[in-house]
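**Student:** Can you read through this structure? Questions will come right after.
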Protein chains: 4
Amino acid sequence: MARVLIKGNEVIAEAALRADVDAFFGYPITPQNEVPEYLARELPKKGKVFLQSESELAGINMVLGASAAGARVMTSSSGPGLCLMLEAISSMALTRLPAVIIDVMRSGPGAGDLAPAQEDWKLSGNGAYKIPILLPGNVQELANMVYEAFDIADQYGTPVLVLADGMLGQMMEPVDFEKLPLRRTNLPDKPWRMASVSEKGYRTQMQLTFGKPLTEFTDRFENETMPEIKKNETRYEAFGLEDADIVVAAYGTAARMAKAAIKELHTDKKIGFIRPMTAWPFPEEPFRQIGKSCKAVICPEINTIGQMIDDVRIAVNGRMPVYHVGNTKTGPLNTENVVRALEAYLKEEVK
Amino acid sequence: MARVLIKGNEVIAEAALRADVDAFFGYPITPQNEVPEYLARELPKKGKVFLQSESELAGINMVLGASAAGARVMTSSSGPGLCLMLEAISSMALTRLPAVIIDVMRSGPGAGDLAPAQEDWKLSGNGAYKIPILLPGNVQELANMVYEAFDIADQYGTPVLVLADGMLGQMMEPVDFEKLPLRRTNLPDKPWRMASVSEKGYRTQMQLTFGKPLTEFTDRFENETMPEIKKNETRYEAFGLEDADIVVAAYGTAARMAKAAIKELHTDKKIGFIRPMTAWPFPEEPFRQIGKSCKAVICPEINTIGQMIDDVRIAVNGRMPVYHVGNTKTGPLNTENVVRALEAYLKEEVK
Amino acid sequence: MARVLIKGNEVIAEAALRADVDAFFGYPITPQNEVPEYLARELPKKGKVFLQSESELAGINMVLGASAAGARVMTSSSGPGLCLMLEAISSMALTRLPAVIIDVMRSGPGAGDLAPAQEDWKLSGNGAYKIPILLPGNVQELANMVYEAFDIADQYGTPVLVLADGMLGQMMEPVDFEKLPLRRTNLPDKPWRMASVSEKGYRTQMQLTFGKPLTEFTDRFENETMPEIKKNETRYEAFGLEDADIVVAAYGTAARMAKAAIKELHTDKKIGFIRPMTAWPFPEEPFRQIGKSCKAVICPEINTIGQMIDDVRIAVNGRMPVYHVGNTKTGPLNTENVVRALEAYLKEEVK
Amino acid sequence: MARVLIKGNEVIAEAALRADVDAFFGYPITPQNEVPEYLARELPKKGKVFLQSESELAGINMVLGASAAGARVMTSSSGPGLCLMLEAISSMALTRLPAVIIDVMRSGPGAGDLAPAQEDWKLSGNGAYKIPILLPGNVQELANMVYEAFDIADQYGTPVLVLADGMLGQMMEPVDFEKLPLRRTNLPDKPWRMASVSEKGYRTQMQLTFGKPLTEFTDRFENETMPEIKKNETRYEAFGLEDADIVVAAYGTAARMAKAAIKELHTDKKIGFIRPMTAWPFPEEPFRQIGKSCKAVICPEINTIGQMIDDVRIAVNGRMPVYHVGNTKTGPLNTENVVRALEAYLKEEVK
């Protein structure tokens with residue numbers, strides 16, 4: 001199969017099928033409805049499971065149950081649904097059960113608005129517990145990341161969150177499914193996979209909730225698995241950092257707008273670019289590479305106050321000011337907004 | 001292993017282990033807490049899954065997910081928890097996913113009271129949809145029924161409910177685990193069990209919820225599976241029906257009280273006895289066997305208004321009056337209450 | 001305002017507004033979506049509360065909270081949502097908090113089918129606990145019953161369920177809102193209504209769940225309130241019972257079909273008619289009035305196995321056979337089906 | 001009443017009673033169980049509402065419902081419960097319904113451990129939406145903050161979270177309830193409070209979820225209310241910042257350990273101290289006051305990786321290094337750990 005023109009949400013579904021997902025459990029919500037629609041049609045043809053739950057709370061717990069039974073499982077939702085899933089995701093983070101959770105973001109909080117957005121960075125639980133969070137920037141990457149998320153989940157024994165902004169879900173772009181990443185070959189057995197006898201029962205022993213301390217299990221995760229994930233799975237795209245006058249840092253669709261803005265900008269100043277492709281582990285390396293000539297880091301996000309910007313501030317660590325560019329009263333962030341913000345900051349900062 | 005003296009709740013857990021349960025998901029609730037405690041200790045030793053959920057809603061959906069992944073799964077709770085499970089049980093009744101649900105009853109409605117009771121007959125969803133409901137009457141039978149419930153679930157593709165009254169859970173009695181029923185050998189494959197390719201995908205196709213009619217699936221269940229279950233799985237214990245002056249009909253611990261009352265009673269009248277061992281299918285046969293000399297059917301239940309009594313009324317169909325004996329202001333039903341009720345009705349009805 | 005032509009679901013909303021409902025909490029579900037749509041538009045105009053919850057579980061608990069705060073509250077849903085509400089309805093039955101719950105039925109179990117149906121009779125919790133259940137038969141009656149449900153809830157301190165079949169919700173009929181029943185004037189104060197000091201604190205004392213027995217509270221309900229509700233609130237429509245050859249008993253839209261069938265039927269036999277207008281208390285009186293000449297009671301229901309029929313069997317108590325007429329493979333029950341069933345039974349039973 | 005010796009959890013309950021809370025809805029969880037126990041006993045005496053929900057999801061939605069009905073309401077829980085509440089808190093953040101939520105933290109993620117901890121900083125939703133988060137440091141302050149939280153909630157129309165670490169809940173200390181803050185007198189009416197007619201219906205109009213944009217409402221909150229809250233409600237305790245050699249920043253019980261450590265420390269170096277008393281708005285001012293002589297900021301937290309530390313890093317903005325001190329393999333953070341960490345950093349940084 002050569003390149004096909006396909007919608008982001010359909011790509012999520014197709015990539016999951018190619019990653020041999022065993023079961024999907026979830027509840028429909030805009031703007032990701034093509035994901036369950038596609039899987040509802042295709043999974044049964046393969047003798048696999050598609051089940052619409054009565055709520056996101058139900059769906060994520062079905063995911064947890066099926067993962068505990070050894071299956072490759074996924075769900076897909078948007079912010080209001082993600083909120084209802086946090087307790088179970090937190091439980092899967094504790095018990096390190098693998099699963100892939102897709103969040104096609106819309107605006108919030110609460111039931112929010114149907115408009116696509118980038119508003120769930122902080123809602124992802126990022127910080128209270130650590131799970132890999134992937135940030136696709138275009139539709140091919142969405143395919144690749146969803147595909148690879150299943151392997152990452154199995155390799156480290158962890159839920160993996162794919163944080164796709166709503167525009168990506170609705171966007172049509174050419175995708176080549178033959179260019180998916182290679183399947184990983186080093187995946188561990190699933191010792192809890194309904195094995196009749198197992199000496200490696202620690203996953204379930206740790207799950208005893210009648211009073212045992214978690215210290216031993218938590219230690220293992222924090223001292224062994226977390227450094228490994230940081231070393232192997234941190235991802236970003238970056239250019240022009242060493243001699244930049246200004247750096248733009250953005251993820252997802254906002255990063256596309258940022259790139260377009262850099263092209264459109266009529267200036268002789270040098271603009272560097274950083275696109276985090278994982279929210280955790282957050283890529284600190286490119287921020288360290290920013291040269292001394294840089295006067296400011298600009299963070300375009302498709303929201304009003306900024307969320308990723310806090311992680312950028314921590315990475316930049318005061319070496320230069322960090323500014324937010326976001327939605328305005330007239331609508332969500334667009335390339336034009338980014339161009340104007342860059343012009344303004346260039347004028348102000350780079351005299 | 002010979003007979004051991006063991007508590008009802010522990011018997012539930014041990015029988016499930018011997019039935020090769022793969023995973024337990026649930027939330028603690030009085031009066032069944034020994035069930036999860038026992039399984040939390042024993043399942044991990046076998047490399048199997050024990051997971052405490054954050055609520056019964058979460059737990060039953062984990063059960064559903066793991067069942068969809070092909071595992072032998074169970075949960076255990078009491079009335080307030082059963083209420084929270086009804087939507088998912090109803091979904092499993094629709095999609096005919098096998099699972100074993102234990103309800104060790106306490107008084108209700110709502111959060112109710114911690115006292116053991118027989119109050120969930122009507123809450124079992126019995127009537128809105130049909131799933132096999134088993135009614136153990138002593139601790140050995142509790143072992144046998146929990147053990148067999150897993151086979152019944154797999155054979156017919158259905159959730160199975162074991163309705164144990166709270167006394168049974170707390171009671172210690174000798175049990176011989178070598179006398180468990182034989183494992184059934186005619187269990188069907190689980191075609192939806194994560195098979196990579198399957199032509200028998202109807203279970204999952206039926207689960208498509210984007211507008212397909214359910215008629216075909218429902219027809220099959222109602223016209224093929226239901227008659228089969230009725231033929232094979234209806235169970236009861238009965239004696240002295242043909243020439244009875246009065247018949248006592250009761251289940252669970254109330255049936256023990258009824259038997260004890262019959263022994264204690266000083267009378268030359270003949271007392272017949274029916275103990276339904278399945279709530280669905282409800283055993284109508286023994287009620288048909290009641291002879292013309294019978295003046296009344298007495299239904300002792302450990303509740304205030306009576307619940308099973310409605311099914312008895314339907315089975316008796318007006319051939320004789322049906323009376324409730326239940327809890328009094330001074331406490332739950334006991335043998336003494338049943339004796340006095342029998343004496344009163346004998347005096348009144350059998351002149 | 002004279003008679004207006006209006007859809008059943010809109011009538012539910014308008015009647016609730018006229019009954020001075022303070023707040024609506026709920027989640028959209030077919031086939032009742034016009035209810036929240038109408039209230040979302042109208043409640044804010046009156047400075048009252050409309051809030052869409054994230055699930056039915058959330059919605060019914062909002063209802064419970066607002067009722068505990070003294071408000072007149074309601075929700076509306078269909079079977080799959082009702083399942084998720086049962087625990088909280090059961091809690092409201094225990095604590096006797098007033099609220100109005102509308103169930104516009106569709107087929108089940110589980111997520112079921114979008115087609116209108118009469119499938120929630122048994123799901124209403126009817127039996128496990130007793131709450132008034134109203135059964136409207138046409139759109140004017142739907143208006144009246146929804147309107148009066150709020151008074152019944154307040155008068156007896158109880159949740160009230162309105163069980164409307166899906167056809168009623170979608171049907172357009174003329175309604176005269178000036179013919180709503182009178183508002184009741186004997187409604188008790190709500191002592192728990194956020195009063196700063198109250199000696200009648202029993203509602204909340206009863207709600208203590210740290211170990212107190214419920215006996216006293218339950219006694220009061222069963223011995224005082226239940227008989228009062230049975231005496232005052234039992235409702236039905238009936239005719240031609242004393243000399244009937246056959247009686248048809250049905251509720252909701254099925255009762256309309258039954259009436260139409262009686263008219264269409266070419267026979268010199270006499271057909272009696274009973275329409276229960278409350279599921280609890282179930283009207284036993286008209287069944288007692290059926291004369292000795294009656295050969296059978298026919299129960300048309302818009303489902304496949306029959307649910308109301310069990311209460312009819314108990315009321316008929318074996319005096320004559322009771323038969324189910326329901327959906328067929330070609331579709332839901334219609335008048336033609338009822339005509340044919342009547343003809344068949346007339347031929348067979350009344351020779 | 002003079003000073004009384006009283007446990008932290010009881011103080012929460014007593015302060016809420018004195019703040020005229022109308023209703024409590026919640027589910028028991030260690031380590032805050034004395035809160036519902038106390039309120040279950042005291043609220044009914046005042047004719048007010050105490051209701052134990054079946055889960056935290058149910059409880060928080062009851063809170064939402066009662067708040068929408070105009071009541072002063074609260075719930076109390078710990079991390080695993082807070083997770084289940086996030087969707088509804090997020091909805092209350094959107095609709096700006098006032099309520100007080102107490103989180104007595106234990107370790108996590110998931111069901112975690114019963115040990116007291118400081119692990120919910122990131123789980124509080126802080127960042128995805130903004131709600132005031134109060135951080136009591138001793139038992140008197142716990143009383144004051146719980147008391148005032150109700151006024152803050154009403155004044156700005158917002159849920160308010162009190163983040164108390166588990167030690168505070170279990171600790172006994174003298175409290176003087178006569179020293180509670182003054183009740184605020186400038187509280188707005190609650191226009192949505194079941195008023196029969198209201199022109200200020202914007203709260204409910206904003207709640208319409210059938211497609212209206214949220215922009216107008218969000219704008220108002222972000223541009224008017226948020227700056228007001230930041231100006232009026234930001235709180236901290238601090239000393240010795242201008243000429244400090246090292247600054248310790250901590251909240252809750254960790255701040256007490258930090259103070260004790262400073263006293264125990266044998267050094268001629270100057271140790272500054274910052275205790276944030278609100279998590280949002282986070283107090284940036286004292287961090288700006290840290291003088292140039294300061295070599296490092298040390299953040300003791302009762303967890304393993306650090307959560308508050310990210311907000312400290314953003315506030316410090318790279319002017320000096322920021323270090324985490326937390327739990328060790330041998331147990332949770334204690335004063336001794338802080339002393340040793342201070343000694344080590346003093347040696348390393350301040351040569």
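Chain lettering (A, B, ...) mirrors the order of the structure tokens, residue numbering begins at 1 for each chain separately, and ligand numbering begins at 1 in order of display.
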Could you go through segment 95-182 of chain C and tell me which residues DSSP, when run on the backbone, assigns to strand (DSSP E or B), listing them as JSON, numbers by chain?
**Tutor:** {"C": [99, 100, 101, 102, 103, 104, 105, 106, 116, 126, 129, 133, 134, 159, 160, 161, 162, 163, 164, 165, 172, 173, 174, 175]}
**Student:** Those same residues, written as a PDB file, in the first residue's frame with N, CA and C atoms?
**Tutor:**
ATOM      1  N   ALA C  99     -37.963  13.017  44.485  1.00  0.00           N
ATOM      2  CA  ALA C  99     -37.376  13.361  43.193  1.00  0.00           C
ATOM      3  C   ALA C  99     -38.239  12.706  42.131  1.00  0.00           C
ATOM      4  N   VAL C 100     -38.197  13.258  40.919  1.00  0.00           N
ATOM      5  CA  VAL C 100     -38.940  12.659  39.819  1.00  0.00           C
ATOM      6  C   VAL C 100     -37.954  12.150  38.779  1.00  0.00           C
ATOM      7  N   ILE C 101     -38.085  10.869  38.450  1.00  0.00           N
ATOM      8  CA  ILE C 101     -37.212  10.238  37.463  1.00  0.00           C
ATOM      9  C   ILE C 101     -38.065   9.787  36.282  1.00  0.00           C
ATOM     10  N   ILE C 102     -37.719  10.293  35.087  1.00  0.00           N
ATOM     11  CA  ILE C 102     -38.461   9.916  33.878  1.00  0.00           C
ATOM     12  C   ILE C 102     -37.664   8.845  33.148  1.00  0.00           C
ATOM     13  N   ASP C 103     -38.303   7.756  32.784  1.00  0.00           N
ATOM     14  CA  ASP C 103     -37.657   6.726  31.962  1.00  0.00           C
ATOM     15  C   ASP C 103     -38.459   6.554  30.681  1.00  0.00           C
ATOM     16  N   VAL C 104     -37.930   7.045  29.573  1.00  0.00           N
ATOM     17  CA  VAL C 104     -38.560   6.832  28.266  1.00  0.00           C
ATOM     18  C   VAL C 104     -37.902   5.582  27.677  1.00  0.00           C
ATOM     19  N   MET C 105     -38.621   4.472  27.754  1.00  0.00           N
ATOM     20  CA  MET C 105     -38.004   3.159  27.533  1.00  0.00           C
ATOM     21  C   MET C 105     -37.596   2.869  26.089  1.00  0.00           C
ATOM     22  N   ARG C 106     -36.476   2.193  25.948  1.00  0.00           N
ATOM     23  CA  ARG C 106     -36.053   1.624  24.669  1.00  0.00           C
ATOM     24  C   ARG C 106     -35.702   0.162  24.928  1.00  0.00           C
ATOM     25  N   PRO C 116     -38.022   2.250  20.443  1.00  0.00           N
ATOM     26  CA  PRO C 116     -38.882   2.374  21.625  1.00  0.00           C
ATOM     27  C   PRO C 116     -39.353   1.000  22.079  1.00  0.00           C
ATOM     28  N   ASN C 126     -38.645  -2.363  41.075  1.00  0.00           N
ATOM     29  CA  ASN C 126     -39.949  -2.700  41.625  1.00  0.00           C
ATOM     30  C   ASN C 126     -39.874  -4.053  42.326  1.00  0.00           C
ATOM     31  N   TYR C 129     -37.464  -2.596  46.420  1.00  0.00           N
ATOM     32  CA  TYR C 129     -37.924  -1.509  47.278  1.00  0.00           C
ATOM     33  C   TYR C 129     -39.139  -0.937  46.579  1.00  0.00           C
ATOM     34  N   ILE C 133     -44.653   4.195  40.815  1.00  0.00           N
ATOM     35  CA  ILE C 133     -44.270   4.130  39.408  1.00  0.00           C
ATOM     36  C   ILE C 133     -45.500   4.428  38.568  1.00  0.00           C
ATOM     37  N   LEU C 134     -45.478   5.550  37.822  1.00  0.00           N
ATOM     38  CA  LEU C 134     -46.635   5.996  37.040  1.00  0.00           C
ATOM     39  C   LEU C 134     -46.495   5.574  35.590  1.00  0.00           C
ATOM     40  N   PRO C 159     -38.779   9.003  45.978  1.00  0.00           N
ATOM     41  CA  PRO C 159     -38.609   9.155  44.531  1.00  0.00           C
ATOM     42  C   PRO C 159     -39.829   8.575  43.816  1.00  0.00           C
ATOM     43  N   VAL C 160     -40.203   9.178  42.698  1.00  0.00           N
ATOM     44  CA  VAL C 160     -41.324   8.693  41.883  1.00  0.00           C
ATOM     45  C   VAL C 160     -40.795   8.464  40.471  1.00  0.00           C
ATOM     46  N   LEU C 161     -41.108   7.304  39.921  1.00  0.00           N
ATOM     47  CA  LEU C 161     -40.640   6.973  38.578  1.00  0.00           C
ATOM     48  C   LEU C 161     -41.801   7.086  37.595  1.00  0.00           C
ATOM     49  N   VAL C 162     -41.601   7.789  36.486  1.00  0.00           N
ATOM     50  CA  VAL C 162     -42.588   7.808  35.403  1.00  0.00           C
ATOM     51  C   VAL C 162     -42.055   6.922  34.284  1.00  0.00           C
ATOM     52  N   LEU C 163     -42.755   5.832  34.001  1.00  0.00           N
ATOM     53  CA  LEU C 163     -42.300   4.855  33.020  1.00  0.00           C
ATOM     54  C   LEU C 163     -43.072   5.078  31.720  1.00  0.00           C
ATOM     55  N   ALA C 164     -42.461   5.815  30.811  1.00  0.00           N
ATOM     56  CA  ALA C 164     -43.132   6.130  29.546  1.00  0.00           C
ATOM     57  C   ALA C 164     -42.508   5.314  28.441  1.00  0.00           C
ATOM     58  N   ASP C 165     -43.326   4.631  27.640  1.00  0.00           N
ATOM     59  CA  ASP C 165     -42.663   3.895  26.579  1.00  0.00           C
ATOM     60  C   ASP C 165     -42.217   4.840  25.485  1.00  0.00           C
ATOM     61  N   MET C 172     -46.766  12.900  18.603  1.00  0.00           N
ATOM     62  CA  MET C 172     -47.365  14.235  18.728  1.00  0.00           C
ATOM     63  C   MET C 172     -48.860  14.097  18.939  1.00  0.00           C
ATOM     64  N   GLU C 173     -49.395  14.761  19.930  1.00  0.00           N
ATOM     65  CA  GLU C 173     -50.825  14.735  20.210  1.00  0.00           C
ATOM     66  C   GLU C 173     -51.229  16.072  20.807  1.00  0.00           C
ATOM     67  N   PRO C 174     -52.508  16.417  20.695  1.00  0.00           N
ATOM     68  CA  PRO C 174     -52.953  17.662  21.320  1.00  0.00           C
ATOM     69  C   PRO C 174     -52.969  17.534  22.833  1.00  0.00           C
ATOM     70  N   VAL C 175     -52.483  18.564  23.502  1.00  0.00           N
ATOM     71  CA  VAL C 175     -52.453  18.588  24.965  1.00  0.00           C
ATOM     72  C   VAL C 175     -53.013  19.919  25.440  1.00  0.00           C
TER      73      VAL C 175
END
**Student:** Once you count only C-alpha atoms, what closest atom pair and distance in Å to one decimal does each residue of chain C within 10 Å of chain A have, with rows by chain and rising residue number, as a tab-separated table?
**Tutor:**
residue	atom	partner	partner_atom	distance
C:Gln52	CA	A:Ala111	CA	8.3
C:Ser53	CA	A:Ala111	CA	8.2
C:Glu54	CA	A:Ala111	CA	7.3
C:Ser55	CA	A:Ser55	CA	6.3
C:Glu56	CA	A:Ser55	CA	8.7
C:Leu57	CA	A:Ser55	CA	9.2
C:Pro80	CA	A:Glu54	CA	7.6
C:Gly81	CA	A:Glu54	CA	8.1
C:Cys83	CA	A:Glu54	CA	10.0
C:Leu84	CA	A:Glu54	CA	8.6
C:Gly110	CA	A:Glu54	CA	8.6
C:Ala111	CA	A:Glu54	CA	7.3
**Student:** Could the residues in this selection be saved with N, CA and C atoms as a short mmCIF file (atom, residue, chain, number, x, y, z; two decimals), in the first residue's frame?
**Tutor:**
data_model
loop_
_atom_site.label_atom_id
_atom_site.label_comp_id
_atom_site.auth_asym_id
_atom_site.auth_seq_id
_atom_site.Cartn_x
_atom_site.Cartn_y
_atom_site.Cartn_z
N GLN C 52 -26.00 19.46 32.44
CA GLN C 52 -25.73 18.16 31.82
C GLN C 52 -24.59 17.49 32.56
N SER C 53 -24.84 16.30 33.06
CA SER C 53 -23.81 15.56 33.79
C SER C 53 -22.96 14.79 32.80
N GLU C 54 -21.85 14.21 33.29
CA GLU C 54 -20.97 13.42 32.42
C GLU C 54 -21.46 11.98 32.28
N SER C 55 -22.40 11.57 33.13
CA SER C 55 -22.96 10.22 33.02
C SER C 55 -24.24 10.20 33.82
N GLU C 56 -25.02 9.15 33.68
CA GLU C 56 -26.26 9.04 34.44
C GLU C 56 -25.97 8.83 35.92
N LEU C 57 -24.88 8.15 36.21
CA LEU C 57 -24.49 7.97 37.60
C LEU C 57 -24.25 9.32 38.26
N PRO C 80 -30.67 2.03 29.65
CA PRO C 80 -29.25 1.91 30.00
C PRO C 80 -28.84 2.94 31.06
N GLY C 81 -29.45 4.12 31.00
CA GLY C 81 -29.18 5.12 32.02
C GLY C 81 -29.83 4.76 33.35
N CYS C 83 -30.32 1.87 34.59
CA CYS C 83 -29.44 0.88 35.24
C CYS C 83 -28.39 1.56 36.09
N LEU C 84 -27.79 2.60 35.55
CA LEU C 84 -26.71 3.29 36.26
C LEU C 84 -27.23 4.10 37.43
N GLY C 110 -28.53 -4.07 28.46
CA GLY C 110 -27.29 -3.40 28.09
C GLY C 110 -27.61 -2.14 27.33
N ALA C 111 -26.73 -1.76 26.43
CA ALA C 111 -26.94 -0.56 25.64
C ALA C 111 -28.17 -0.74 24.76
#
**Student:** Find the residues around Met257 of chain D up to 8 Å (only C-alpha atoms counted), leave out those fewer than 6 positions away in its own chain, and share them as a PyMOL selection string.
**Tutor:** chain D and resi 334-335+338
**Student:** Show which residues sit within 12 Å of Lys7 of chain D, as an MDAnalysis selection string. Count only C-alpha atoms, and ignore same-chain residues fewer than 6 positions away.
**Tutor:** chainID D and resid 13:14 31:35 38 138:140 142:143 166:175
**Student:** Go through B:Ile302, B:Val247, B:Leu17, B:Ala238 one by one, measure the shortest atom-to-atom distance of each to Ser107 of chain B using only C-alpha atoms, and give the residue with the smallest value.
**Tutor:** B:Ile302
**Student:** Report, in Å to a single decimal, how far apart atom CA of Ser91 of chain C and atom CA of Gly252 of chain C are.
**Tutor:**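 Atom-to-atom, atom CA of Gly252 of chain C to atom CA of Ser91 of chain C, that is 27.6 Å.
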**Student:** What parts of segment 260-299 of chain B does DSSP call helix (DSSP H, G or I)? I'd like the answer as a list of chain:residue names.
**Tutor:**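 Helix (DSSP H, G or I) assignments inside segment 260-299 of chain B correspond to B:Ala260, B:Ala261, B:Ile262, B:Lys263, B:Glu264, B:Glu285, B:Pro286, B:Phe287, B:Arg288, B:Gln289.
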**Student:** Hey, what's within 8 Å of segment 281-293 of chain B if we count only C-alpha atoms and toss same-chain stuff fewer than 6 positions away? As a ChimeraX atom specification, please?
**Tutor:** /B:132-133,229-230,233-236,238,241-245,247,274,311,315-316
**Student:** Can those selected residues be exported to a file as a CSV table (one decimal), in the first residue's frame so that it contains C-alpha atoms?
**Tutor:**
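Saved as part_20.csv:
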chain,number,residue,atom,x,y,z
B,132,PRO,CA,-28.7,-18.2,35.8
B,133,ILE,CA,-29.0,-17.4,39.5
B,229,ILE,CA,-30.7,-23.6,30.3
B,230,LYS,CA,-34.2,-24.2,31.6
B,233,GLU,CA,-29.9,-26.1,34.9
B,234,THR,CA,-33.2,-25.8,36.9
B,235,ARG,CA,-32.6,-27.1,40.4
B,236,TYR,CA,-34.5,-27.7,43.6
B,238,ALA,CA,-38.3,-31.1,47.7
B,241,LEU,CA,-45.4,-32.7,48.3
B,242,GLU,CA,-48.1,-35.1,47.2
B,243,ASP,CA,-49.9,-35.6,50.4
B,244,ALA,CA,-48.9,-32.4,52.3
B,245,ASP,CA,-51.3,-30.5,54.4
B,247,VAL,CA,-45.9,-26.8,52.1
B,274,ILE,CA,-39.6,-27.0,48.5
B,311,ASP,CA,-42.3,-16.3,41.9
B,315,ALA,CA,-45.9,-21.1,40.2
B,316,VAL,CA,-48.7,-21.9,42.6
**Student:** Could you give me, as number ranges by chain, the residues within 12 Å of Asp20 of chain A, counting only C-alpha atoms and dropping anything in the same chain fewer than 4 positions from it?
**Tutor:** A: 13-16, 24, 42-43, 46-49, 71-74, 146-151, 183; B: 194-197
**Student:** Could you list, as a list in words, every residue within 9 Å of Gln155 of chain D, counting only C-alpha atoms and ignoring same-chain residues fewer than 6 positions away?
**Tutor:**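 Within the cut-off, the hits are Pro98, Arg184, Asn186, Leu187 and Pro188 of chain D.
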**Student:** Restricted to N, CA, C and O atoms, what would the selected residues look like written as an mmCIF file, in the first residue's frame?
**Tutor:**
data_model
loop_
_atom_site.group_PDB
_atom_site.id
_atom_site.type_symbol
_atom_site.label_atom_id
_atom_site.label_comp_id
_atom_site.auth_asym_id
_atom_site.auth_seq_id
_atom_site.Cartn_x
_atom_site.Cartn_y
_atom_site.Cartn_z
ATOM 1 N N PRO D 98 -19.775 27.039 43.901
ATOM 2 C CA PRO D 98 -18.985 27.002 45.128
ATOM 3 C C PRO D 98 -19.138 25.677 45.867
ATOM 4 O O PRO D 98 -20.212 25.089 45.886
ATOM 5 N N ARG D 184 -16.902 36.711 56.093
ATOM 6 C CA ARG D 184 -16.891 37.801 55.100
ATOM 7 C C ARG D 184 -18.308 38.343 54.918
ATOM 8 O O ARG D 184 -19.279 37.588 54.974
ATOM 9 N N ASN D 186 -19.131 40.440 52.313
ATOM 10 C CA ASN D 186 -19.380 40.904 50.934
ATOM 11 C C ASN D 186 -19.777 39.773 49.994
ATOM 12 O O ASN D 186 -19.547 39.850 48.792
ATOM 13 N N LEU D 187 -20.342 38.709 50.546
ATOM 14 C CA LEU D 187 -20.654 37.566 49.684
ATOM 15 C C LEU D 187 -21.822 37.885 48.756
ATOM 16 O O LEU D 187 -22.821 38.457 49.178
ATOM 17 N N PRO D 188 -21.687 37.515 47.507
ATOM 18 C CA PRO D 188 -22.760 37.807 46.542
ATOM 19 C C PRO D 188 -23.966 36.910 46.795
ATOM 20 O O PRO D 188 -23.855 35.850 47.404
#
**Student:** In Å, rounded to a single decimal, give me how far atom CA of Leu64 of chain A is from atom CA of Thr158 of chain A.
**Tutor:**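 About the pair atom CA of Thr158 of chain A and atom CA of Leu64 of chain A: they are 11.3 Å apart.
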